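Data from coords_35.pdb: PDB, C-alpha atoms, pLDDT in the B column
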```
ATOM      1  CA  MET A  72     -39.889 -26.148 -23.570  1.00 83.00           C
ATOM      2  CA  HIS A  73     -39.234 -22.675 -22.114  1.00 89.00           C
ATOM      3  CA  GLN A  74     -39.471 -19.694 -24.483  1.00 93.00           C
ATOM      4  CA  ASP A  75     -35.744 -18.890 -24.003  1.00 92.00           C
ATOM      5  CA  LEU A  76     -34.915 -22.376 -25.210  1.00 93.00           C
ATOM      6  CA  GLU A  77     -37.322 -22.031 -28.139  1.00 95.00           C
ATOM      7  CA  ARG A  78     -35.544 -18.802 -29.174  1.00 93.00           C
ATOM      8  CA  ALA A  79     -32.142 -20.467 -28.851  1.00 95.00           C
ATOM      9  CA  LYS A  80     -33.286 -23.457 -30.898  1.00 95.00           C
ATOM     10  CA  GLU A  81     -34.637 -21.157 -33.600  1.00 95.00           C
ATOM     11  CA  ALA A  82     -31.379 -19.165 -33.688  1.00 94.00           C
ATOM     12  CA  MET A  83     -29.407 -22.393 -33.965  1.00 94.00           C
ATOM     13  CA  GLU A  84     -31.563 -23.728 -36.799  1.00 93.00           C
ATOM     14  CA  LEU A  85     -31.775 -20.479 -38.776  1.00 95.00           C
ATOM     15  CA  ASN A  86     -28.122 -19.472 -38.482  1.00 95.00           C
ATOM     16  CA  GLY A  87     -26.365 -22.821 -38.397  1.00 94.00           C
ATOM     17  CA  TYR A  88     -24.887 -22.410 -34.922  1.00 96.00           C
ATOM     18  CA  THR A  89     -23.641 -25.533 -33.195  1.00 95.00           C
ATOM     19  CA  CYS A  90     -24.433 -24.327 -29.688  1.00 96.00           C
ATOM     20  CA  VAL A  91     -26.476 -21.500 -28.152  1.00 97.00           C
ATOM     21  CA  ILE A  92     -26.856 -20.546 -24.480  1.00 96.00           C
ATOM     22  CA  THR A  93     -29.460 -18.041 -23.341  1.00 95.00           C
ATOM     23  CA  PHE A  94     -31.076 -16.316 -20.385  1.00 95.00           C
ATOM     24  CA  ASP A  95     -33.814 -13.731 -20.918  1.00 91.00           C
ATOM     25  CA  SER A  96     -32.573 -11.350 -23.630  1.00 87.00           C
ATOM     26  CA  VAL A  97     -28.912 -12.442 -23.430  1.00 93.00           C
ATOM     27  CA  MET A  98     -27.764 -15.041 -25.955  1.00 95.00           C
ATOM     28  CA  PHE A  99     -24.291 -16.378 -26.702  1.00 96.00           C
ATOM     29  CA  LYS A 100     -23.780 -18.371 -29.891  1.00 96.00           C
ATOM     30  CA  SER A 101     -21.014 -20.568 -31.247  1.00 96.00           C
ATOM     31  CA  ASN A 102     -20.029 -22.265 -34.484  1.00 95.00           C
ATOM     32  CA  GLU A 103     -17.306 -24.323 -32.786  1.00 93.00           C
ATOM     33  CA  ARG A 104     -17.599 -28.100 -33.006  1.00 89.00           C
ATOM     34  CA  GLY A 105     -17.771 -30.608 -30.201  1.00 90.00           C
ATOM     35  CA  VAL A 106     -17.435 -29.528 -26.587  1.00 94.00           C
ATOM     36  CA  GLN A 107     -15.320 -26.450 -27.385  1.00 93.00           C
ATOM     37  CA  PRO A 108     -18.163 -23.908 -26.922  1.00 95.00           C
ATOM     38  CA  LEU A 109     -18.919 -25.409 -23.521  1.00 95.00           C
ATOM     39  CA  LEU A 110     -15.278 -25.173 -22.451  1.00 94.00           C
ATOM     40  CA  ASP A 111     -15.083 -21.579 -23.763  1.00 94.00           C
ATOM     41  CA  TRP A 112     -18.152 -20.593 -21.748  1.00 95.00           C
ATOM     42  CA  LEU A 113     -16.876 -22.446 -18.706  1.00 93.00           C
ATOM     43  CA  TYR A 114     -13.627 -20.467 -18.768  1.00 93.00           C
ATOM     44  CA  SER A 115     -15.241 -17.140 -19.712  1.00 93.00           C
ATOM     45  CA  GLY A 116     -15.781 -16.212 -16.073  1.00 86.00           C
ATOM     46  CA  ASN A 117     -19.515 -15.712 -16.652  1.00 89.00           C
ATOM     47  CA  LYS A 118     -22.050 -17.515 -14.487  1.00 89.00           C
ATOM     48  CA  TYR A 119     -24.569 -19.687 -16.329  1.00 94.00           C
ATOM     49  CA  SER A 120     -26.582 -21.115 -13.460  1.00 93.00           C
ATOM     50  CA  GLY A 121     -30.218 -21.268 -14.544  1.00 93.00           C
ATOM     51  CA  TRP A 122     -29.488 -20.642 -18.248  1.00 96.00           C
ATOM     52  CA  ARG A 123     -30.868 -22.736 -21.092  1.00 96.00           C
ATOM     53  CA  LEU A 124     -28.715 -24.321 -23.759  1.00 97.00           C
ATOM     54  CA  CYS A 125     -29.202 -25.750 -27.262  1.00 97.00           C
ATOM     55  CA  ASP A 126     -26.603 -28.112 -28.652  1.00 96.00           C
ATOM     56  CA  LYS A 127     -26.331 -30.160 -31.844  1.00 95.00           C
ATOM     57  CA  VAL A 128     -24.987 -33.358 -30.275  1.00 96.00           C
ATOM     58  CA  VAL A 129     -24.820 -34.179 -26.579  1.00 97.00           C
ATOM     59  CA  GLY A 130     -22.903 -37.163 -25.339  1.00 96.00           C
ATOM     60  CA  LYS A 131     -21.919 -37.919 -21.792  1.00 95.00           C
ATOM     61  CA  ALA A 132     -18.800 -35.694 -21.939  1.00 95.00           C
ATOM     62  CA  ALA A 133     -20.892 -32.699 -22.992  1.00 96.00           C
ATOM     63  CA  ALA A 134     -23.457 -33.571 -20.318  1.00 97.00           C
ATOM     64  CA  TYR A 135     -20.777 -33.287 -17.617  1.00 96.00           C
ATOM     65  CA  LEU A 136     -19.909 -29.809 -18.911  1.00 96.00           C
ATOM     66  CA  HIS A 137     -23.588 -28.789 -18.972  1.00 96.00           C
ATOM     67  CA  ILE A 138     -23.834 -29.804 -15.316  1.00 96.00           C
ATOM     68  CA  ILE A 139     -20.722 -27.839 -14.363  1.00 94.00           C
ATOM     69  CA  LEU A 140     -22.029 -24.784 -16.248  1.00 95.00           C
ATOM     70  CA  GLY A 141     -25.192 -25.048 -14.153  1.00 95.00           C
ATOM     71  CA  VAL A 142     -27.724 -24.894 -16.969  1.00 96.00           C
ATOM     72  CA  ARG A 143     -31.316 -25.660 -16.045  1.00 97.00           C
ATOM     73  CA  GLU A 144     -32.672 -27.000 -19.341  1.00 97.00           C
ATOM     74  CA  ILE A 145     -31.231 -28.181 -22.639  1.00 97.00           C
ATOM     75  CA  TYR A 146     -32.341 -29.034 -26.128  1.00 97.00           C
ATOM     76  CA  ALA A 147     -30.176 -31.432 -28.122  1.00 97.00           C
ATOM     77  CA  GLU A 148     -30.777 -32.368 -31.732  1.00 96.00           C
ATOM     78  CA  VAL A 149     -29.154 -35.709 -30.847  1.00 96.00           C
ATOM     79  CA  ILE A 150     -28.425 -36.994 -27.328  1.00 97.00           C
ATOM     80  CA  SER A 151     -27.122 -40.297 -26.045  1.00 97.00           C
ATOM     81  CA  GLN A 152     -29.241 -42.227 -23.568  1.00 97.00           C
ATOM     82  CA  SER A 153     -26.446 -42.095 -20.959  1.00 95.00           C
ATOM     83  CA  ALA A 154     -26.115 -38.302 -21.342  1.00 96.00           C
ATOM     84  CA  LYS A 155     -29.876 -37.862 -20.956  1.00 98.00           C
ATOM     85  CA  GLU A 156     -29.878 -39.970 -17.792  1.00 97.00           C
ATOM     86  CA  LEU A 157     -26.881 -38.103 -16.323  1.00 96.00           C
ATOM     87  CA  LEU A 158     -28.502 -34.713 -16.963  1.00 97.00           C
ATOM     88  CA  GLU A 159     -31.836 -35.771 -15.506  1.00 97.00           C
ATOM     89  CA  GLU A 160     -30.102 -37.216 -12.421  1.00 96.00           C
ATOM     90  CA  ASN A 161     -28.664 -33.725 -11.946  1.00 96.00           C
ATOM     91  CA  ASN A 162     -32.067 -31.999 -12.272  1.00 97.00           C
ATOM     92  CA  ILE A 163     -31.538 -30.648 -15.788  1.00 97.00           C
ATOM     93  CA  THR A 164     -34.601 -30.796 -18.020  1.00 97.00           C
ATOM     94  CA  VAL A 165     -33.818 -32.529 -21.308  1.00 98.00           C
ATOM     95  CA  ASN A 166     -35.575 -31.940 -24.634  1.00 97.00           C
ATOM     96  CA  ALA A 167     -34.296 -33.852 -27.645  1.00 97.00           C
ATOM     97  CA  GLY A 168     -34.893 -34.378 -31.307  1.00 96.00           C
ATOM     98  CA  GLU A 169     -33.390 -37.876 -31.207  1.00 97.00           C
ATOM     99  CA  ILE A 170     -32.151 -40.140 -28.409  1.00 98.00           C
ATOM    100  CA  VAL A 171     -29.481 -42.633 -29.490  1.00 96.00           C
ATOM    101  CA  PRO A 172     -27.774 -45.495 -27.660  1.00 95.00           C
ATOM    102  CA  ALA A 173     -24.336 -43.870 -28.044  1.00 93.00           C
ATOM    103  CA  ILE A 174     -22.467 -41.046 -29.771  1.00 95.00           C
ATOM    104  CA  LEU A 175     -20.166 -42.605 -32.357  1.00 92.00           C
ATOM    105  CA  ASN A 176     -16.868 -41.524 -33.883  1.00 88.00           C
ATOM    106  CA  GLU A 177     -16.732 -39.941 -37.346  1.00 87.00           C
ATOM    107  CA  THR A 178     -16.516 -43.307 -39.113  1.00 91.00           C
ATOM    108  CA  LYS A 179     -19.484 -44.606 -37.069  1.00 90.00           C
ATOM    109  CA  ASP A 180     -17.672 -47.824 -36.153  1.00 92.00           C
ATOM    110  CA  ALA A 181     -16.930 -47.197 -32.459  1.00 90.00           C
ATOM    111  CA  PRO A 182     -17.888 -44.873 -29.601  1.00 91.00           C
ATOM    112  CA  HIS A 183     -16.594 -41.308 -29.889  1.00 91.00           C
ATOM    113  CA  PRO A 184     -13.313 -40.982 -27.946  1.00 90.00           C
ATOM    114  CA  LEU A 185     -14.847 -38.447 -25.543  1.00 92.00           C
ATOM    115  CA  GLU A 186     -17.620 -40.915 -24.758  1.00 92.00           C
ATOM    116  CA  THR A 187     -15.052 -43.522 -23.799  1.00 91.00           C
ATOM    117  CA  VAL A 188     -13.365 -40.989 -21.505  1.00 91.00           C
ATOM    118  CA  ALA A 189     -16.703 -39.885 -20.021  1.00 92.00           C
ATOM    119  CA  ASP A 190     -17.630 -43.470 -19.181  1.00 89.00           C
ATOM    120  CA  GLY A 191     -14.554 -43.609 -16.951  1.00 87.00           C
ATOM    121  CA  ILE A 192     -15.405 -40.471 -14.976  1.00 89.00           C
ATOM    122  CA  THR A 193     -16.590 -41.204 -11.455  1.00 85.00           C
ATOM    123  CA  ASP A 194     -16.394 -37.697  -9.963  1.00 87.00           C
ATOM    124  CA  ILE A 195     -17.954 -34.738 -11.757  1.00 87.00           C
ATOM    125  CA  ASN A 196     -15.136 -32.522 -10.477  1.00 85.00           C
ATOM    126  CA  ASP A 197     -12.638 -34.582 -12.487  1.00 87.00           C
ATOM    127  CA  SER A 198     -14.601 -34.338 -15.726  1.00 91.00           C
ATOM    128  CA  VAL A 199     -13.129 -31.109 -17.122  1.00 90.00           C
ATOM    129  CA  ILE A 200      -9.540 -32.287 -16.701  1.00 89.00           C
ATOM    130  CA  ALA A 201     -10.331 -35.700 -18.194  1.00 91.00           C
ATOM    131  CA  ILE A 202     -12.112 -34.113 -21.178  1.00 91.00           C
ATOM    132  CA  GLU A 203      -9.310 -31.598 -21.815  1.00 91.00           C
ATOM    133  CA  MET A 204      -6.652 -34.329 -21.667  1.00 90.00           C
ATOM    134  CA  ALA A 205      -8.637 -36.430 -24.149  1.00 90.00           C
ATOM    135  CA  LEU A 206      -9.012 -33.455 -26.500  1.00 90.00           C
ATOM    136  CA  ARG A 207      -5.244 -32.881 -26.421  1.00 90.00           C
ATOM    137  CA  ARG A 208      -4.623 -36.528 -27.315  1.00 88.00           C
ATOM    138  CA  MET A 209      -7.206 -36.362 -30.113  1.00 85.00           C
ATOM    139  CA  ASN A 210      -5.696 -33.173 -31.555  1.00 83.00           C
ATOM    140  CA  LYS A 211      -2.221 -34.721 -31.671  1.00 81.00           C
ATOM    141  CA  LYS A 212      -3.396 -37.458 -34.042  1.00 62.00           C
TER     142      LYS A 212
END
```

This entry written out as structure tokens:
Amino acid sequence: MHQDLERAKEAMELNGYTCVITFDSVMFKSNERGVQPLLDWLYSGNKYSGWRLCDKVVGKAAAYLHIILGVREIYAEVISQSAKELLEENNITVNAGEIVPAILNETKDAPHPLETVADGITDINDSVIAIEMALRRMNKK
């Protein structure tokens, strides 16, 4: 694991961040849950190609956003097998604490709604819109 990623992982563990993205001495941190930090960074106007990212939980929906951000390497405390495969297919190095068959909903009785949406994505360019629409539906409940 690259030293930037080690620093990001340490910052995440020590300070309770949910997501950290870093390149050299620059580090952005978030306490937002889910894919929100990734969407915030995506719309920030900054370029993240070649950056390294630490995330608490990475499912396939988050993996699509990592690809669009252009990160080069990630560390996930928990990652789904399908997310790991998608990232590796897109030349992103994956480090993980735990690899699980699927990311589940809060009651742990079904796949997380974003995972269901992500499974239906066939074109990476459609992923952001599909994820945002799913988040809107989830927030209305």

Of A:Ala205, A:Val128, A:Leu113, A:Val165, the one sitting nearest Tyr88 (chain A) when using all atoms listed in the file is A:Val128

Write out as an NGL selection string which residues come within 7 Å of Cys125 (chain A) when counting all atoms listed in the file, dropping same-chain ones fewer than 3 positions away. :A and (76 or 79-80 or 90-92 or 145-147)

Per residue of region 145-167 of chain A within 12 Å of region 176-189 of chain A, record the nearest atom pair and its distance in Å to one decimal, counting only C-alpha atoms, with rows in chain order and ascending residue number, as a Markdown table.
```
| residue | atom | partner | partner_atom | distance |
| --- | --- | --- | --- | --- |
| A:Ile150 | CA | A:Glu186 | CA | 11.8 |
| A:Ser151 | CA | A:Glu186 | CA | 9.6 |
| A:Gln152 | CA | A:Glu186 | CA | 11.8 |
| A:Ser153 | CA | A:Glu186 | CA | 9.7 |
| A:Ala154 | CA | A:Glu186 | CA | 9.5 |
| A:Leu157 | CA | A:Ala189 | CA | 11.0 |
```

Of the residues A:Lys127, A:Met72, A:Val97, A:Lys211, which is the one nearest to Glu84 (chain A), using all atoms listed in the file? A:Lys127

Where does the PyMOL selection byres ((chain A and resi 164) around 10) land in this file, that is, which residues does it pick, as a ChimeraX atom specification? /A:72,123,142-146,155,158-163,165-166

Ranking A:Tyr135, A:Asp95, A:Gln107, A:Lys100 by minimum distance to Ala201 (chain A) and counting all atoms listed in the file, which one comes first?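 Smallest separation from Ala201 (chain A) among the options: A:Tyr135.
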
Have a look at CA of Ala133 (chain A) and CA of Glu77 (chain A) and let me know their distance in Å, one decimal. 20.3 Å

How many Å separate CA of Val129 (chain A) from CA of Glu156 (chain A)?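 So the answer is 11.7 Å.
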
Between A:Leu109, A:Met83, A:Ile170, A:Val149, which one has atoms that come closest to Ala132 (chain A), using only C-alpha atoms? A:Leu109

When distances are computed from all atoms listed in the file, which of A:Ala173, A:Ile139, A:Leu85, A:Gly168 shows the smallest separation from Ser198 (chain A)?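 Of A:Ala173, A:Ile139, A:Leu85, A:Gly168, the one nearest Ser198 (chain A), counting all atoms listed in the file, is A:Ile139.
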
Select, from A:Asn196, A:Arg78, A:Thr93, A:Asn210, the residue with the minimum atom-to-atom distance to Ile138 (chain A), counting only C-alpha atoms. A:Asn196

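Of note, CA of Gly121 (chain A) and CA of Asn86 (chain A) are spaced 24.1 Å apart.
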
Answer as a list of chain:residue names, residues within 12 Å of (-7.8, -28.9, -20.2) using all atoms listed in the file: A:Val106, A:Gln107, A:Leu110, A:Asp111, A:Leu113, A:Tyr114, A:Asp197, A:Ser198, A:Val199, A:Ile200, A:Ala201, A:Ile202, A:Glu203, A:Met204, A:Ala205, A:Leu206, A:Arg207, A:Arg208

Can you write just those residues out, C-alpha atoms, as a PDB file, keeping the file's coordinate frame?
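That gives us result_13.pdb:
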```
ATOM      1  CA  VAL A 106     -17.435 -29.528 -26.587  1.00 94.00           C
ATOM      2  CA  GLN A 107     -15.320 -26.450 -27.385  1.00 93.00           C
ATOM      3  CA  LEU A 110     -15.278 -25.173 -22.451  1.00 94.00           C
ATOM      4  CA  ASP A 111     -15.083 -21.579 -23.763  1.00 94.00           C
ATOM      5  CA  LEU A 113     -16.876 -22.446 -18.706  1.00 93.00           C
ATOM      6  CA  TYR A 114     -13.627 -20.467 -18.768  1.00 93.00           C
ATOM      7  CA  ASP A 197     -12.638 -34.582 -12.487  1.00 87.00           C
ATOM      8  CA  SER A 198     -14.601 -34.338 -15.726  1.00 91.00           C
ATOM      9  CA  VAL A 199     -13.129 -31.109 -17.122  1.00 90.00           C
ATOM     10  CA  ILE A 200      -9.540 -32.287 -16.701  1.00 89.00           C
ATOM     11  CA  ALA A 201     -10.331 -35.700 -18.194  1.00 91.00           C
ATOM     12  CA  ILE A 202     -12.112 -34.113 -21.178  1.00 91.00           C
ATOM     13  CA  GLU A 203      -9.310 -31.598 -21.815  1.00 91.00           C
ATOM     14  CA  MET A 204      -6.652 -34.329 -21.667  1.00 90.00           C
ATOM     15  CA  ALA A 205      -8.637 -36.430 -24.149  1.00 90.00           C
ATOM     16  CA  LEU A 206      -9.012 -33.455 -26.500  1.00 90.00           C
ATOM     17  CA  ARG A 207      -5.244 -32.881 -26.421  1.00 90.00           C
ATOM     18  CA  ARG A 208      -4.623 -36.528 -27.315  1.00 88.00           C
TER      19      ARG A 208
END
```
